[in-house]
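Working notes for the structure below.
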Amino acid sequence: MAKYEGKCPECGKTHYSDRKGGIVVCNCWQRCQMCGAEMDPYMPDLAMNTYGLDEKRDLAVLMVCTLHFPMFFSTKKPVEVACT
């Protein structure tokens, strides 16, 4: 069976799929950009409606690495890679 591949535009890692046009989610967004360790999902200590100004409630932080002081907060989102 043929394997199709795609390269992540963020980290350059090559992913493979059995189907042409298959979508693979790269896990590079879950890695700390400072040390490469697996990060934890970020859970804010306040309610979401307390963040933002002028009715904008965008909290961009998705992951946190607690191995650093101060902690490293990541705003990277999952990256979809199309395999062709």
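Residues are named by chain letter and number: chains run A, B, ... in the order of the structure tokens, numbers start at 1 in each chain, and ligands are numbered from 1 in the order shown.
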| task | Do a neighbour search on region 82-84 of chain A at 7 Å with only C-alpha atoms, toss out local chain neighbours closer than 4 positions, and write the hits as a list in words. | result | Tyr4, Glu5, Gly6, Tyr16, Ser17, Lys20, Gly21, Gly22, Ile23 and Val24 of chain A
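Look at region 27-38 of chain A: the protein and nucleic acid residues within 9 Å of it, using only C-alpha atoms and passing over chain neighbours fewer than 5 places away, are Cys8, Glu10, Cys11, Lys13, Met63, Val64, Cys65, Leu67, His68, Phe72, Phe73, Ser74, Thr75, Lys76, Lys77, Pro78 and Val79 of chain A.
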Okay, now the selection with N, CA and C atoms, as a PDB file, in the first residue's frame?
ATOM      1  N   CYS A   8       5.270  19.235   8.111  1.00  0.00           N
ATOM      2  CA  CYS A   8       4.714  20.265   8.984  1.00  0.00           C
ATOM      3  C   CYS A   8       5.379  21.601   8.667  1.00  0.00           C
ATOM      4  N   GLU A  10       5.488  24.182  10.534  1.00  0.00           N
ATOM      5  CA  GLU A  10       6.030  24.786  11.747  1.00  0.00           C
ATOM      6  C   GLU A  10       7.378  24.185  12.157  1.00  0.00           C
ATOM      7  N   CYS A  11       7.437  22.844  12.216  1.00  0.00           N
ATOM      8  CA  CYS A  11       8.643  22.192  12.735  1.00  0.00           C
ATOM      9  C   CYS A  11       9.430  21.427  11.682  1.00  0.00           C
ATOM     10  N   LYS A  13       8.725  18.408  10.544  1.00  0.00           N
ATOM     11  CA  LYS A  13       8.604  16.967  10.727  1.00  0.00           C
ATOM     12  C   LYS A  13       7.748  16.366   9.607  1.00  0.00           C
ATOM     13  N   MET A  63      -1.222  26.178  26.199  1.00  0.00           N
ATOM     14  CA  MET A  63      -0.391  25.214  26.917  1.00  0.00           C
ATOM     15  C   MET A  63       0.582  25.968  27.830  1.00  0.00           C
ATOM     16  N   VAL A  64       1.078  25.262  28.856  1.00  0.00           N
ATOM     17  CA  VAL A  64       2.032  25.861  29.784  1.00  0.00           C
ATOM     18  C   VAL A  64       3.115  24.838  30.125  1.00  0.00           C
ATOM     19  N   CYS A  65       4.369  25.318  30.188  1.00  0.00           N
ATOM     20  CA  CYS A  65       5.488  24.486  30.628  1.00  0.00           C
ATOM     21  C   CYS A  65       5.899  24.980  32.014  1.00  0.00           C
ATOM     22  N   LEU A  67       8.310  23.820  33.851  1.00  0.00           N
ATOM     23  CA  LEU A  67       9.713  23.535  34.166  1.00  0.00           C
ATOM     24  C   LEU A  67      10.567  24.793  34.213  1.00  0.00           C
ATOM     25  N   HIS A  68       9.980  25.936  33.888  1.00  0.00           N
ATOM     26  CA  HIS A  68      10.722  27.197  33.854  1.00  0.00           C
ATOM     27  C   HIS A  68      10.180  28.146  34.906  1.00  0.00           C
ATOM     28  N   PHE A  72       6.513  29.092  31.111  1.00  0.00           N
ATOM     29  CA  PHE A  72       6.420  29.438  29.693  1.00  0.00           C
ATOM     30  C   PHE A  72       5.005  29.154  29.216  1.00  0.00           C
ATOM     31  N   PHE A  73       4.325  30.190  28.698  1.00  0.00           N
ATOM     32  CA  PHE A  73       2.964  30.071  28.200  1.00  0.00           C
ATOM     33  C   PHE A  73       2.996  30.061  26.677  1.00  0.00           C
ATOM     34  N   SER A  74       2.405  29.062  26.063  1.00  0.00           N
ATOM     35  CA  SER A  74       2.431  28.911  24.618  1.00  0.00           C
ATOM     36  C   SER A  74       1.098  29.313  24.004  1.00  0.00           C
ATOM     37  N   THR A  75       1.178  30.005  22.876  1.00  0.00           N
ATOM     38  CA  THR A  75      -0.023  30.400  22.139  1.00  0.00           C
ATOM     39  C   THR A  75      -0.138  29.636  20.821  1.00  0.00           C
ATOM     40  N   LYS A  76       0.736  28.652  20.617  1.00  0.00           N
ATOM     41  CA  LYS A  76       0.678  27.863  19.366  1.00  0.00           C
ATOM     42  C   LYS A  76      -0.578  27.014  19.342  1.00  0.00           C
ATOM     43  N   LYS A  77      -1.133  26.864  18.140  1.00  0.00           N
ATOM     44  CA  LYS A  77      -2.333  26.055  17.942  1.00  0.00           C
ATOM     45  C   LYS A  77      -1.967  24.800  17.156  1.00  0.00           C
ATOM     46  N   PRO A  78      -2.828  23.775  17.201  1.00  0.00           N
ATOM     47  CA  PRO A  78      -2.552  22.555  16.443  1.00  0.00           C
ATOM     48  C   PRO A  78      -2.343  22.856  14.970  1.00  0.00           C
ATOM     49  N   VAL A  79      -1.391  22.132  14.361  1.00  0.00           N
ATOM     50  CA  VAL A  79      -1.053  22.323  12.964  1.00  0.00           C
ATOM     51  C   VAL A  79      -1.515  21.103  12.181  1.00  0.00           C
TER      52      VAL A  79
END
